[in-house]
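First the structure, in the form of structure tokens, and then the observations on it.
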Amino acid sequence: MRAKALIRITFLGAFIAWLVLIFSDVTILFSDIRGLNPDIPLWLPRFMFDLYVLGLFIYYKFKIEKEEGLNFTDLLWRVFATGLVVTVVSLGLRLVLFLLGDTTLASNILFTDVVYHINLALFLGFLMAAFTSWKRLILYQKSKWLIRIWNVFEFTLLFALLYDSLNSGTNGTLSTIIALLLGGLGLVLTANMKWVAYLNFKQKWTSLLLLLLAFFYLGYFFYTTTRLADSIAIQSVSFLDFREHTFSLSIFAFVIVYSLFSFLVILFNLPTSSVFEQKLEEVVNFQRISRSIQTEQNEESVYNILLESSVSSVFADAAWLEIRSVSQEDRLFTYEITEPEARAIQDHVFNNKIKGALDQGADKTKNLSKHLGLLKGARFRSLLSFPIMVKGESIGTLAILKELPDGFNKEMTRVISTFANQAGISIENFRLLEEAFQNERYKEELKIAKTVQKSLLPEKLESNDDFEIAAFSQSADEVGGDYYDTIRINEHKVALIIADVSGKGTTAAFHMSQMKGIFHSLAQQELDPHEFMVRANQALVFCLERGSFISAIYFVVDSQKKEITYCRAGHCPVLYYRSALNKIEYLKDKGAALGMVKNKTYCNMIDVYRIDYKTDDVMVLYTDGITEANDAKGEEFGYDNLGHTILEVKDKGAKEIQEHLIAKLYEYSGTDDINDDFTTMIVRFK
């Protein structure tokens, strides 16, 4: 808002200065004709002229120089539009003079002076608009040296303006020095034409037309103001003659010289426009291929970008891309050619044994004009092929086609070779990124599975005045197949289970969830351990795939009878510490794992066992990950170490025994990375 307000104020100030300029100059001219002394100072017109020029300078500085988003042709259009408006106004005045004919008003010197000042104001407005636009073009690629020269040029112009207001005429020594300095600086600045290189062919033709119109405006106004000044000078010399002002002539010279240089540079650059545009398109296409890994959703998109970019960069007529795959059929991607046409050319090349044309290692120009000309119905006479390399192996062939014979040169070969190499890198990166995404997705799924598995294990275990239980479970992978749980059957009986699903990972965790459902549904029916195992096996044989099984031990602790009833289904033998004897034993009872026997004979393969428990007895349930834990030499922890470890803390509570056992295991292994699931369940009888 402040900028717009400043633009309006400066424009209004320039307009007022121009009105005062006309009034003062006409008054002085009238006094001179009448032989009178003017009532206003002679320096006032020149001073008003300075204010008018400064107002225009500030106005265009904010109107054009500070405005963002203007490109090169936009600036030329601004100059053209300004010149068109002021020229139309000037031609309107000429029409008025023509209509007045030889009337007294038309021949009146004062009226002529007013018309002269109107044209001069329009001329200076156009010059300042062009001057500001040329400044933006010159300073397109700034440097400290260039900015310093421009600043010196502008300050010299302002000094010339001040000098003109204090001195009449351009014949002084200082005036000549100023003119020469401005001419030298202007020529140095005129050499900055870097913006021309960024114009395309169409923009260059547009710029040439606009510059031609600018020449017309400059010539028209210079002729008009000069003719009016001459007609006034015949009758009087007491008027503001722009030809006696170093500033006005310097601005005019700079604008017309830079316009001329721009016109010539653009004209001479026309033949190279297509080459520059081709190079620019090559860069853009190369960037598209390089960025395709970030912007595209699948590998096929990279193939399509490669085809489009290759065809447009070398002005080809068609292309195909054949991608070979070990696990799938070869895929063919085409651009401006049908798949049957591409297959026909491939068959023609292979059947005629044309070496190097479509070989995986081919990277040379193969125009094949005569060979392709023999292909019936073929509209293509030139072929250029390159392999697409990923990790040092060729995954496909890129073929570029032209209808003209000998349509490719070495430069085109180099371009397509670069595209093919970059496409190989992009495809490799895309595959690596896709693999990383898949791994990340797999990790997220494993995290979810781990959360689900954790929810399958009980947060709180059953206990009463007769016993306390502590448990620990750690998976070797993100998820595992070890399971333990407790459930109260009635006031005196509590069921316990520990199980180990064969295998690891999500499959083992899934079977673990099945085992939990079976345990909770059967244990509450107050079945004896034998019946529990038989029914559990019947439920699992239809769920477990071939080769999978679940080892388990099911216990029923009866606190009223002080008795433990259990059934072992292929699980690790229970470690039992008898406090009365201060002795550890392993309950190596027989029993087949769940799911191994598919028929009804399973009931004959398990037995029920009973033991009486005493105060301070300890029962240790565990999975094979405990006894099979390896040290640095590869030796297993084993049953002996397990027994010694329990004896060390036999008088401790269940929680302390569990913590001591796990600490010993990690100390034995010497690492936090375990090769199998760790699960223990410590039952201490009070």
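Every chain in the structure tokens has a letter given in the order shown (A, B, ...), and although residue numbers restart at 1 in each chain, ligands are simply numbered from 1 in the order shown.
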
Practice prompt. Give me the residues within 10 Å of A:Val311 as a VMD selection string, counting only C-alpha atoms and dropping any in the same chain fewer than 2 places off.
Written response: chain A and resid 306 to 309 313 to 320 335 to 336 399 to 402 416

Practice prompt. List the neighbours of A:Phe268 out to 12 Å using only C-alpha atoms; skip same-chain residues closer than 3 positions along the sequence, and give me the result as JSON, numbers by chain.
Written response: {"A": [196, 197, 201, 204, 205, 208, 261, 262, 263, 264, 265, 271, 272, 273]}

Same residues, N, CA and C atoms, output as a CSV table (one decimal), in the first residue's frame:
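In the end it all went to selection02.csv:
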chain,number,residue,atom,x,y,z
A,196,VAL,N,19.6,-12.1,-23.1
A,196,VAL,CA,19.2,-12.6,-24.5
A,196,VAL,C,19.3,-14.1,-24.6
A,197,ALA,N,20.3,-14.6,-23.9
A,197,ALA,CA,20.5,-16.1,-24.1
A,197,ALA,C,19.3,-16.9,-23.5
A,201,PHE,N,13.0,-19.1,-29.1
A,201,PHE,CA,12.8,-18.6,-30.5
A,201,PHE,C,11.7,-17.7,-30.6
A,204,LYS,N,12.3,-14.3,-28.9
A,204,LYS,CA,13.3,-13.5,-29.7
A,204,LYS,C,12.6,-12.7,-30.8
A,205,TRP,N,11.7,-13.4,-31.5
A,205,TRP,CA,11.0,-12.7,-32.6
A,205,TRP,C,10.1,-11.6,-32.0
A,208,LEU,N,12.3,-8.7,-31.1
A,208,LEU,CA,12.7,-7.9,-32.2
A,208,LEU,C,11.6,-7.0,-32.7
A,261,PHE,N,21.8,-2.3,-29.8
A,261,PHE,CA,22.6,-3.4,-29.5
A,261,PHE,C,21.8,-4.6,-29.2
A,262,SER,N,20.7,-4.4,-28.4
A,262,SER,CA,19.8,-5.6,-28.1
A,262,SER,C,19.2,-6.2,-29.4
A,263,PHE,N,18.8,-5.3,-30.3
A,263,PHE,CA,18.2,-5.8,-31.5
A,263,PHE,C,19.2,-6.6,-32.3
A,264,LEU,N,20.4,-6.1,-32.4
A,264,LEU,CA,21.5,-6.8,-33.2
A,264,LEU,C,21.8,-8.2,-32.5
A,265,VAL,N,22.0,-8.1,-31.2
A,265,VAL,CA,22.4,-9.4,-30.5
A,265,VAL,C,21.3,-10.4,-30.6
A,271,PRO,N,19.7,-17.8,-35.1
A,271,PRO,CA,20.0,-19.2,-35.7
A,271,PRO,C,20.4,-20.2,-34.6
A,272,THR,N,20.9,-19.7,-33.4
A,272,THR,CA,21.3,-20.6,-32.4
A,272,THR,C,20.2,-20.9,-31.4
A,273,SER,N,19.0,-20.3,-31.6
A,273,SER,CA,17.9,-20.5,-30.6
A,273,SER,C,17.5,-21.9,-30.5

Worksheet entry | Using only C-alpha atoms: which of A:Leu522, A:Val649, A:Met512, A:Val302 has the shortest distance to A:Gln422 | A:Val302

Practice prompt. Name all residues at most 10 Å from stretch 130-141 of chain A (count only C-alpha atoms; drop same-chain ones fewer than 3 positions away) and give them as a ChimeraX atom specification.
Written response: /A:57-58,60-66,70-72,74-80,82-83,124-127,146-147,150,189-196,214,251-252,254-256,258-259,262

Just-selected residues, C-alpha atoms written as a short mmCIF file (atom, residue, chain, number, x, y, z; two decimals), in the first residue's frame:
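Produced file selection.cif, reproduced below:
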data_model
loop_
_atom_site.label_atom_id
_atom_site.label_comp_id
_atom_site.auth_asym_id
_atom_site.auth_seq_id
_atom_site.Cartn_x
_atom_site.Cartn_y
_atom_site.Cartn_z
CA PHE A 57 12.59 8.60 -12.22
CA ILE A 58 11.03 7.73 -8.84
CA TYR A 60 9.18 4.31 -12.84
CA LYS A 61 11.57 3.04 -10.19
CA PHE A 62 8.59 1.75 -8.18
CA LYS A 63 6.41 1.04 -11.21
CA ILE A 64 8.87 -1.12 -13.12
CA GLU A 65 12.13 -1.58 -11.23
CA LYS A 66 10.57 -2.78 -7.95
CA LEU A 70 8.29 -9.40 -14.79
CA ASN A 71 10.26 -11.46 -17.31
CA PHE A 72 12.30 -10.14 -20.21
CA ASP A 74 7.22 -8.34 -20.07
CA LEU A 75 9.71 -5.49 -19.71
CA LEU A 76 9.77 -4.95 -23.47
CA TRP A 77 5.97 -5.00 -23.52
CA ARG A 78 5.97 -2.30 -20.81
CA VAL A 79 8.24 -0.12 -22.96
CA PHE A 80 6.07 -0.79 -26.00
CA THR A 82 4.26 3.24 -22.73
CA GLY A 83 5.51 4.27 -26.17
CA LEU A 124 10.88 12.06 -21.48
CA GLY A 125 8.22 9.76 -20.00
CA PHE A 126 8.94 7.18 -22.69
CA LEU A 127 12.71 7.60 -22.26
CA LEU A 146 28.38 -4.11 -12.50
CA ILE A 147 26.33 -2.52 -9.70
CA TRP A 150 25.60 1.45 -12.79
CA LEU A 189 26.79 -1.14 -19.52
CA THR A 190 25.40 -1.77 -23.00
CA ALA A 191 27.69 -4.80 -23.34
CA ASN A 192 25.60 -6.67 -20.70
CA MET A 193 23.21 -8.74 -22.82
CA LYS A 194 23.13 -11.98 -20.83
CA TRP A 195 19.34 -11.97 -20.71
CA VAL A 196 19.15 -12.55 -24.48
CA ALA A 214 10.68 1.34 -29.83
CA ILE A 251 19.31 9.49 -21.74
CA PHE A 252 18.19 9.51 -25.38
CA PHE A 254 21.74 5.48 -23.97
CA VAL A 255 18.21 4.22 -24.69
CA ILE A 256 18.67 4.15 -28.45
CA TYR A 258 21.06 -0.19 -25.91
CA SER A 259 17.96 -0.80 -28.05
CA SER A 262 19.80 -5.57 -28.11
#

Worksheet item: stretch 295-348 of chain A: which residues are helix (DSSP H, G or I) by DSSP, as a VMD selection string?
Response: chain A and resid 295 299 to 313 339 to 348

Practice prompt. Compile the contact shell of A:Phe637 as a PyMOL selection string: residues with an atom at most 12 Å away, counting only C-alpha atoms, same-chain residues fewer than 4 positions apart removed.
Written response: chain A and resi 624-633+641-645+661-662+664-670

Worksheet item: Which of these residues is nearest to A:Thr156, using only C-alpha atoms: A:Phe216, A:Phe467, A:Phe350, A:Phe247?
Response: A:Phe247

Item to complete: Can you work out which one of A:Ile469, A:Leu456, A:Leu44, A:Ile149 has the shortest atom-to-atom distance to A:Met681, counting only C-alpha atoms?
Response: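 Using only C-alpha atoms, the shortest distance to A:Met681 belongs to A:Ile469.
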
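In this structure, atom CA of A:Gly392 sits 28.9 Å away from atom CA of A:Ala344.
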
Item to complete: Would you list the contacts of A:Phe111 as a ChimeraX atom specification, taking every protein, DNA or RNA residue within 12 Å and counting only C-alpha atoms, but skipping same-chain residues closer than 4 positions in sequence?
Response: /A:22-23,25-27,29-30,93,96-97,100,103-107,115-118,228,231-232

Worksheet, complete the sentence: Between A:Ala523, A:Phe532, A:Tyr554, A:Gln474, smallest distance to A:Leu496 by only C-alpha atoms belongs to A:Tyr554

Item to complete: Find the distance between atom CA of A:Ala509 and atom CA of A:Ile553 and write it in Å to one decimal.
Response: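 About the pair atom CA of A:Ala509 and atom CA of A:Ile553: they are 18.1 Å apart.
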
Item to complete: Counting only C-alpha atoms, figure out which residue out of A:Ala423, A:Leu540, A:Cys572, A:Ile489 gets nearest to A:Asp558.
Response: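 Closest residue, counting only C-alpha atoms: A:Ile489.
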
Discussion item. Taking 5 positions as the minimum chain separation for residues in the same chain, which residues sit within 10 Å of A:Lys652 when counting only C-alpha atoms? Answer as a PyMOL selection string.
Written reply: chain A and resi 616+618+646-647+657-658+660+684

Practice prompt. Can you pull out every residue within 12 Å of A:Leu21, counting only C-alpha atoms, but drop anything in the same chain fewer than 5 positions away, and send it as a PyMOL selection string?
Written response: chain A and resi 14-16+26-29+40-53+113-114+116-118+120-121+239-240
